[in-house]
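Asker: Got a file for you: start.cif, mmCIF, C-alpha atoms.
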data_work
#
loop_
_atom_site.label_atom_id
_atom_site.label_comp_id
_atom_site.auth_asym_id
_atom_site.auth_seq_id
_atom_site.Cartn_x
_atom_site.Cartn_y
_atom_site.Cartn_z
CA MET B 16 5.22 12.07 6.83
CA THR B 17 3.51 15.39 7.37
CA THR B 18 -0.23 15.97 7.26
CA SER B 19 0.01 17.89 3.99
CA GLU B 20 2.10 15.14 2.38
CA ARG B 21 -0.42 12.54 3.53
CA ALA B 22 -3.28 14.65 2.13
CA LYS B 23 -1.51 14.96 -1.23
CA LEU B 24 -0.96 11.19 -1.40
CA ARG B 25 -4.59 10.52 -0.45
CA SER B 26 -5.77 12.80 -3.25
CA ILE B 27 -3.54 11.00 -5.77
CA ALA B 28 -4.76 7.61 -4.50
CA MET B 29 -8.42 8.55 -4.99
CA THR B 30 -8.11 8.06 -8.75
CA GLU B 31 -6.07 4.85 -8.51
CA LYS B 32 -7.54 1.37 -8.52
CA ALA B 33 -6.50 -1.34 -6.08
CA ILE B 34 -3.98 -3.56 -7.84
CA THR B 35 -3.54 -6.36 -5.30
CA GLN B 36 -5.83 -8.32 -2.98
CA VAL B 37 -5.19 -9.91 0.41
CA GLY B 38 -7.44 -12.91 0.93
CA LYS B 39 -7.82 -15.89 3.22
CA ASN B 40 -4.18 -16.91 2.74
CA GLY B 41 -3.08 -13.66 4.34
CA LEU B 42 0.35 -12.18 3.70
CA THR B 43 2.31 -14.72 1.72
CA ASP B 44 5.90 -14.34 0.56
CA SER B 45 4.77 -14.01 -3.05
CA LEU B 46 2.30 -11.26 -2.14
CA ILE B 47 5.00 -9.35 -0.26
CA ALA B 48 7.39 -9.74 -3.22
CA GLN B 49 4.72 -8.56 -5.67
CA LEU B 50 3.91 -5.48 -3.56
CA ASP B 51 7.62 -4.75 -3.15
CA ASP B 52 8.02 -4.67 -6.93
CA GLN B 53 4.92 -2.50 -7.34
CA LEU B 54 6.11 -0.01 -4.71
CA THR B 55 9.49 0.23 -6.40
CA ALA B 56 7.84 0.97 -9.73
CA ARG B 57 4.92 3.16 -8.61
CA GLU B 58 5.69 4.41 -5.06
CA LEU B 59 1.96 4.48 -4.20
CA VAL B 60 -0.22 1.36 -4.25
CA LYS B 61 -3.72 0.46 -3.17
CA VAL B 62 -4.51 -2.96 -1.76
CA THR B 63 -7.92 -4.52 -1.16
CA VAL B 64 -8.43 -6.75 1.87
CA LEU B 65 -11.10 -9.29 1.02
CA ARG B 66 -13.85 -10.05 3.51
CA ASN B 67 -12.60 -13.61 3.98
CA ALA B 68 -9.20 -12.44 5.29
CA ASP B 69 -8.42 -13.60 8.81
CA ASP B 70 -7.10 -10.28 10.15
CA PRO B 71 -8.77 -6.85 10.30
CA VAL B 72 -7.76 -4.23 7.74
CA ALA B 73 -5.78 -2.14 10.27
CA VAL B 74 -3.69 -5.16 11.29
CA VAL B 75 -2.99 -6.12 7.67
CA ALA B 76 -1.99 -2.52 6.92
CA GLN B 77 0.52 -2.47 9.80
CA GLN B 78 1.95 -5.86 8.82
CA LEU B 79 2.36 -4.78 5.19
CA ALA B 80 4.00 -1.50 6.18
CA GLU B 81 6.53 -3.29 8.38
CA ALA B 82 7.26 -6.03 5.84
CA LEU B 83 7.71 -3.56 2.97
CA ASP B 84 9.37 -0.70 4.86
CA ALA B 85 6.49 1.49 3.65
CA GLN B 86 4.11 3.96 5.22
CA VAL B 87 0.36 3.56 5.52
CA VAL B 88 -1.23 6.58 3.89
CA GLN B 89 -4.76 5.54 4.80
CA THR B 90 -7.16 2.70 5.38
CA LEU B 91 -10.65 3.28 4.10
CA GLY B 92 -13.17 0.48 4.32
CA PHE B 93 -11.39 -2.58 2.94
CA LYS B 94 -8.74 -0.57 1.05
CA ILE B 95 -5.20 0.18 2.18
CA THR B 96 -2.98 2.81 0.55
CA LEU B 97 0.78 2.37 0.99
CA TYR B 98 3.63 4.70 0.06
CA ARG B 99 7.35 4.08 -0.19
CA ARG B 100 9.75 6.48 -1.87
CA SER B 101 11.55 4.74 -4.71
CA ASN B 102 15.18 5.13 -5.70
CA ALA B 103 14.43 4.30 -9.33
CA ASN B 104 15.59 7.05 -11.67
CA CYS B 105 12.52 6.81 -13.88
CA ILE B 106 10.06 7.63 -11.09
CA LYS B 107 8.86 11.14 -10.38
CA HIS B 108 8.75 11.26 -6.59
CA LEU B 109 5.28 11.98 -5.31
CA ILE B 110 6.37 13.91 -2.22
#
Could the structure of this file be written out as structure tokens, please?
Answerer:
Amino acid sequence: MTTSERAKLRSIAMTEKAITQVGKNGLTDSLIAQLDDQLTARELVKVTVLRNADDPVAVVAQQLAEALDAQVVQTLGFKITLYRRSNANCIKHLI
């Protein structure tokens, strides 16, 4: 992902709300499945890492990116923005 593509995705993500939370249970199979569905439908998702999570935000971001075959757009505070290009015909590709 180029710097300009990342900047475009960050600007789009600024107006989006976080739609999923990672808490003390960490990355469960159901959370991964839910985020996989959301990435397929939306391509860009924001995730909040709650303060009671066991791992730091950067570690959670890397684990999510690997599990979902996605790219970390940014981590800002307790928020993670992930991007994965979707093959769904109804989606307008963001980059």
Asker: Report the distance between atom CA of Ala22 of chain B and atom CA of Gln89 of chain B in Å, rounded to one decimal place.
Answerer: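 These atoms are spaced 9.6 Å apart.
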Asker: Give the answer as one residue: which of B:Ile34, B:Met16, B:Ala56, B:Ile47 has the shortest atom-to-atom distance to Leu83 of chain B, using all atoms listed in the file?
Answerer: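 Smallest distance to Leu83 of chain B is found for B:Ile47.
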Asker: Leaving out Val88 of chain B and any residue of its chain fewer than 5 positions from it, which residues lie within 10 Å of it when counting all atoms listed in the file, given as number ranges by chain?
Answerer: B: 16, 20-25, 28, 59-61, 76, 80, 95-99
Asker: In terms of the shortest atom-to-atom distance over all atoms listed in the file, which of B:Ser19, B:Arg100, B:Asp84, B:Gly41 is closest to Glu58 of chain B?
Answerer: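 Answer, going by the shortest atom-to-atom distance: B:Arg100.
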Asker: Quick one, how far is atom CA of Gly92 of chain B from atom CA of Ala73 of chain B?
Answerer: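 About the pair atom CA of Gly92 of chain B and atom CA of Ala73 of chain B: they are 9.8 Å apart.
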Asker: Can you measure atom CA of Leu46 of chain B to atom CA of Leu79 of chain B for me? One decimal in Å is fine.
Answerer: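 Here the two named atoms are 9.8 Å from each other.
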Asker: Between B:Ala82, B:Val72, B:Val62, B:Val87, which has the minimum distance to Asp44 of chain B (counting all atoms listed in the file)?
Answerer: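 Among B:Ala82, B:Val72, B:Val62, B:Val87, it is B:Ala82 that comes nearest to Asp44 of chain B.
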Asker: With distances taken over only C-alpha atoms, which residue among B:Asn40, B:Thr55, B:Ser45, B:Gln86 lies nearest Asp70 of chain B?
Answerer: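 Answer, going by the shortest atom-to-atom distance: B:Asn40.
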Asker: Find, counting all atoms listed in the file, the residue in B:Val37, B:Ser26, B:Leu42, B:Lys94 that gets nearest to Glu81 of chain B.
Answerer: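 Under the stated criterion, the closest residue is B:Leu42.
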Asker: Take every atom of segment 22-33 of chain B listed in the file, fit an axis-aligned box around them, add 4 Å per side, and give the centre and edge lengths in Å to one decimal as JSON.
Answerer:
{"center_x": -4.7, "center_y": 6.8, "center_z": -3.3, "size_x": 15.5, "size_y": 24.3, "size_z": 18.9}
Asker: Out of B:Val64, B:Pro71, B:Gln49, B:Gln78, which residue has the shortest atom-to-atom distance to Gln36 of chain B when counting only C-alpha atoms?
Answerer: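 Nearest candidate to Gln36 of chain B out of B:Val64, B:Pro71, B:Gln49, B:Gln78: B:Val64.
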